[in-house]
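J.: This is the structure I want to talk about, given as structure tokens.
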Protein chains: 2
Amino acid sequence: MRIRGGIPIYEQLEARITELIVSGEMETDERLPTVREVAKQFALNPNTVQKTYQLLEQRGLIYSIPSKGSYVSPRENYIESCKALAAKNFTEAVNDAVKRGLNADELTQIVRSTCKDK
Amino acid sequence: MRIRGGIPIYEQLEARITELIVSGEMETDERLPTVREVAKQFALNPNTVQKTYQLLEQRGLIYSIPSKGSYVSPRENYIESCKALAAKNFTEAVNDAVKRGLNADELTQIVRSTCKDK
DNA sequence: ATAATTGTATTAATCTAAATAATACAGTTG
DNA sequence: CAACTGTATTATTTAGATTAATACAATTAT
């Protein structure tokens, strides 16, 4: 099974797990499902899942102990860099929107209404 | 020559031309360079450029007359749908940023500072 | 102890979308 | 008439994403 539509699976998975961790749904030092478990659950290849875990580890969101498992990093290890990356991506999105005719007020309004539903 | 980095060339080109049109650098009914001219200038295949022109026409930004050329559409033909599309994409970006830990105030701040430099 | 499970690593093969390439056609323009 | 226009078709090539088949050493559970 292969998820279509441009965005690579390992990135989709990375976004999903990032959300679980950043939102606090997973606690610090909580164990993540093994690479093989996730692969089985979503019918993916273990290598694809490992790629995601490597990404998450590079960004400080998780730490992996060989032969043991992968765990959620303490918040102070990642929150800064995670937000920095998000801010960078978001800045690009703002620039794109401006180029397509939206102004600061309109963007601010979208931010407000989108965040309100949370 | 092939532009690297995930985003397809025809989308990069589409973004670039959209900017020219939306910003007003190109005027209504102004003629766009021909498919073959653009292809030559950027060392692309004419088919790739044509794909971009098709996209732009679908979005109402340009209109093409066979055997004559492609021209910038009047503003009222596209500005609404163009902004709607931009708003849709931007909303996704907001959601992504929120999932990664940014809040409404932080996002608004980024909007302000990013738009200021323009 | 020993069998199963862990993260990690390597290498090759497969698959798909993107991009290229080579044309062709009909209408216009000079 | 010759050159140029947008448009269309089909086949090929390419590169990145994904799969696949393993293997290893360390940990855990039986």
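Here's how to read the names in the structure tokens: chain A, B, ... by the order shown, residue numbers from 1 in each chain, ligand numbers from 1 in the order shown.
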What are the residues of chain B lining chain C at 7 Å or less? Count only C-alpha atoms (C1' of nucleotides), and put the answer as a PyMOL selection string.
T.: chain B and resi 45+67-68
J.: Under the rule of at most 10 Å, produce a per-residue listing of chain B near chain D: chain, number, name, the closest pair of atoms, and the distance in Å, as JSON lines, using only C-alpha atoms (C1' of nucleotides).
T.:
{"residue": "B:Arg4", "atom": "CA", "partner": "D:DA15", "partner_atom": "C1'", "distance": 9.9}
{"residue": "B:Gly6", "atom": "CA", "partner": "D:DG16", "partner_atom": "C1'", "distance": 8.8}
{"residue": "B:Thr34", "atom": "CA", "partner": "D:DT5", "partner_atom": "C1'", "distance": 7.9}
{"residue": "B:Val35", "atom": "CA", "partner": "D:DG6", "partner_atom": "C1'", "distance": 8.4}
{"residue": "B:Arg36", "atom": "CA", "partner": "D:DT5", "partner_atom": "C1'", "distance": 9.7}
{"residue": "B:Gln50", "atom": "CA", "partner": "D:DG6", "partner_atom": "C1'", "distance": 8.9}
{"residue": "B:Ser64", "atom": "CA", "partner": "D:DG6", "partner_atom": "C1'", "distance": 7.2}
{"residue": "B:Ile65", "atom": "CA", "partner": "D:DG6", "partner_atom": "C1'", "distance": 6.7}
{"residue": "B:Pro66", "atom": "CA", "partner": "D:DG6", "partner_atom": "C1'", "distance": 4.2}
{"residue": "B:Ser67", "atom": "CA", "partner": "D:DT5", "partner_atom": "C1'", "distance": 3.5}
{"residue": "B:Lys68", "atom": "CA", "partner": "D:DT5", "partner_atom": "C1'", "distance": 4.9}
{"residue": "B:Gly69", "atom": "CA", "partner": "D:DT5", "partner_atom": "C1'", "distance": 6.0}
{"residue": "B:Ser70", "atom": "CA", "partner": "D:DG6", "partner_atom": "C1'", "distance": 8.2}
J.: Mind checking which residues fall within 12 Å of Ala15 of chain A, counting only C-alpha atoms (C1' of nucleotides), ignoring those fewer than 5 positions away in the same chain, and posting them as a PyMOL selection string?
T.: (chain A and resi 7-10+20-23+52-53+55-56+61+82+86) or (chain B and resi 95-101)
J.: Residues of chain B that have any atom at most 12 Å from an atom of chain A: could you tabulate them with the shortest-distance atom pair and the distance in Å to one decimal, using only C-alpha atoms, ordered by chain and increasing number, as a Markdown table?
T.:
| residue | atom | partner | partner_atom | distance |
| --- | --- | --- | --- | --- |
| B:Gly6 | CA | A:Gly6 | CA | 8.8 |
| B:Ile7 | CA | A:Gly6 | CA | 9.2 |
| B:Pro8 | CA | A:Gly6 | CA | 10.0 |
| B:Gln12 | CA | A:Asp96 | CA | 11.2 |
| B:Glu14 | CA | A:Arg100 | CA | 10.9 |
| B:Ala15 | CA | A:Asp96 | CA | 8.1 |
| B:Arg16 | CA | A:Lys99 | CA | 8.8 |
| B:Ile17 | CA | A:Lys99 | CA | 10.1 |
| B:Thr18 | CA | A:Arg100 | CA | 6.8 |
| B:Glu19 | CA | A:Lys99 | CA | 5.2 |
| B:Leu20 | CA | A:Lys99 | CA | 8.6 |
| B:Ile21 | CA | A:Arg100 | CA | 9.0 |
| B:Val22 | CA | A:Gly101 | CA | 6.1 |
| B:Ser23 | CA | A:Lys99 | CA | 7.1 |
| B:Gly24 | CA | A:Gly101 | CA | 10.2 |
| B:Glu25 | CA | A:Lys99 | CA | 11.8 |
| B:Arg59 | CA | A:Arg100 | CA | 12.0 |
| B:Leu61 | CA | A:Arg100 | CA | 11.0 |
| B:Arg75 | CA | A:Gly101 | CA | 11.2 |
| B:Tyr78 | CA | A:Arg100 | CA | 10.6 |
| B:Ile79 | CA | A:Gly101 | CA | 7.6 |
| B:Glu80 | CA | A:Gly101 | CA | 9.4 |
| B:Ser81 | CA | A:Arg100 | CA | 10.3 |
| B:Cys82 | CA | A:Arg100 | CA | 6.6 |
| B:Lys83 | CA | A:Gly101 | CA | 6.0 |
| B:Ala84 | CA | A:Leu102 | CA | 9.2 |
| B:Leu85 | CA | A:Arg100 | CA | 8.6 |
| B:Ala86 | CA | A:Ala97 | CA | 5.3 |
| B:Ala87 | CA | A:Ala97 | CA | 7.1 |
| B:Lys88 | CA | A:Ile110 | CA | 9.4 |
| B:Asn89 | CA | A:Ala97 | CA | 7.9 |
| B:Phe90 | CA | A:Ala93 | CA | 6.2 |
| B:Thr91 | CA | A:Ile110 | CA | 6.6 |
| B:Glu92 | CA | A:Thr114 | CA | 9.1 |
| B:Ala93 | CA | A:Phe90 | CA | 6.2 |
| B:Val94 | CA | A:Val111 | CA | 6.4 |
| B:Asn95 | CA | A:Thr114 | CA | 7.3 |
| B:Asp96 | CA | A:Ala86 | CA | 7.8 |
| B:Ala97 | CA | A:Ala86 | CA | 5.4 |
| B:Val98 | CA | A:Cys115 | CA | 7.8 |
| B:Lys99 | CA | A:Glu19 | CA | 5.2 |
| B:Arg100 | CA | A:Ala86 | CA | 6.2 |
| B:Gly101 | CA | A:Lys83 | CA | 6.0 |
| B:Leu102 | CA | A:Lys83 | CA | 6.3 |
| B:Asn103 | CA | A:Cys115 | CA | 7.7 |
| B:Ala104 | CA | A:Cys115 | CA | 6.2 |
| B:Asp105 | CA | A:Arg112 | CA | 8.9 |
| B:Glu106 | CA | A:Ala87 | CA | 8.7 |
| B:Leu107 | CA | A:Val111 | CA | 7.1 |
| B:Thr108 | CA | A:Thr108 | CA | 5.8 |
| B:Gln109 | CA | A:Thr108 | CA | 9.0 |
| B:Ile110 | CA | A:Thr91 | CA | 6.6 |
| B:Val111 | CA | A:Ala104 | CA | 6.4 |
| B:Arg112 | CA | A:Ala104 | CA | 6.5 |
| B:Ser113 | CA | A:Thr91 | CA | 9.4 |
| B:Thr114 | CA | A:Thr91 | CA | 6.8 |
| B:Cys115 | CA | A:Ala104 | CA | 6.2 |
| B:Lys116 | CA | A:Ala104 | CA | 8.7 |
| B:Asp117 | CA | A:Asn95 | CA | 10.4 |
| B:Lys118 | CA | A:Val98 | CA | 9.5 |
J.: List every residue of segment 33-114 of chain A that DSSP, applied to the backbone of this structure, assigns to strand (DSSP E or B), and report them as an MDAnalysis selection string.
T.: chainID A and resid 62:65 69:72
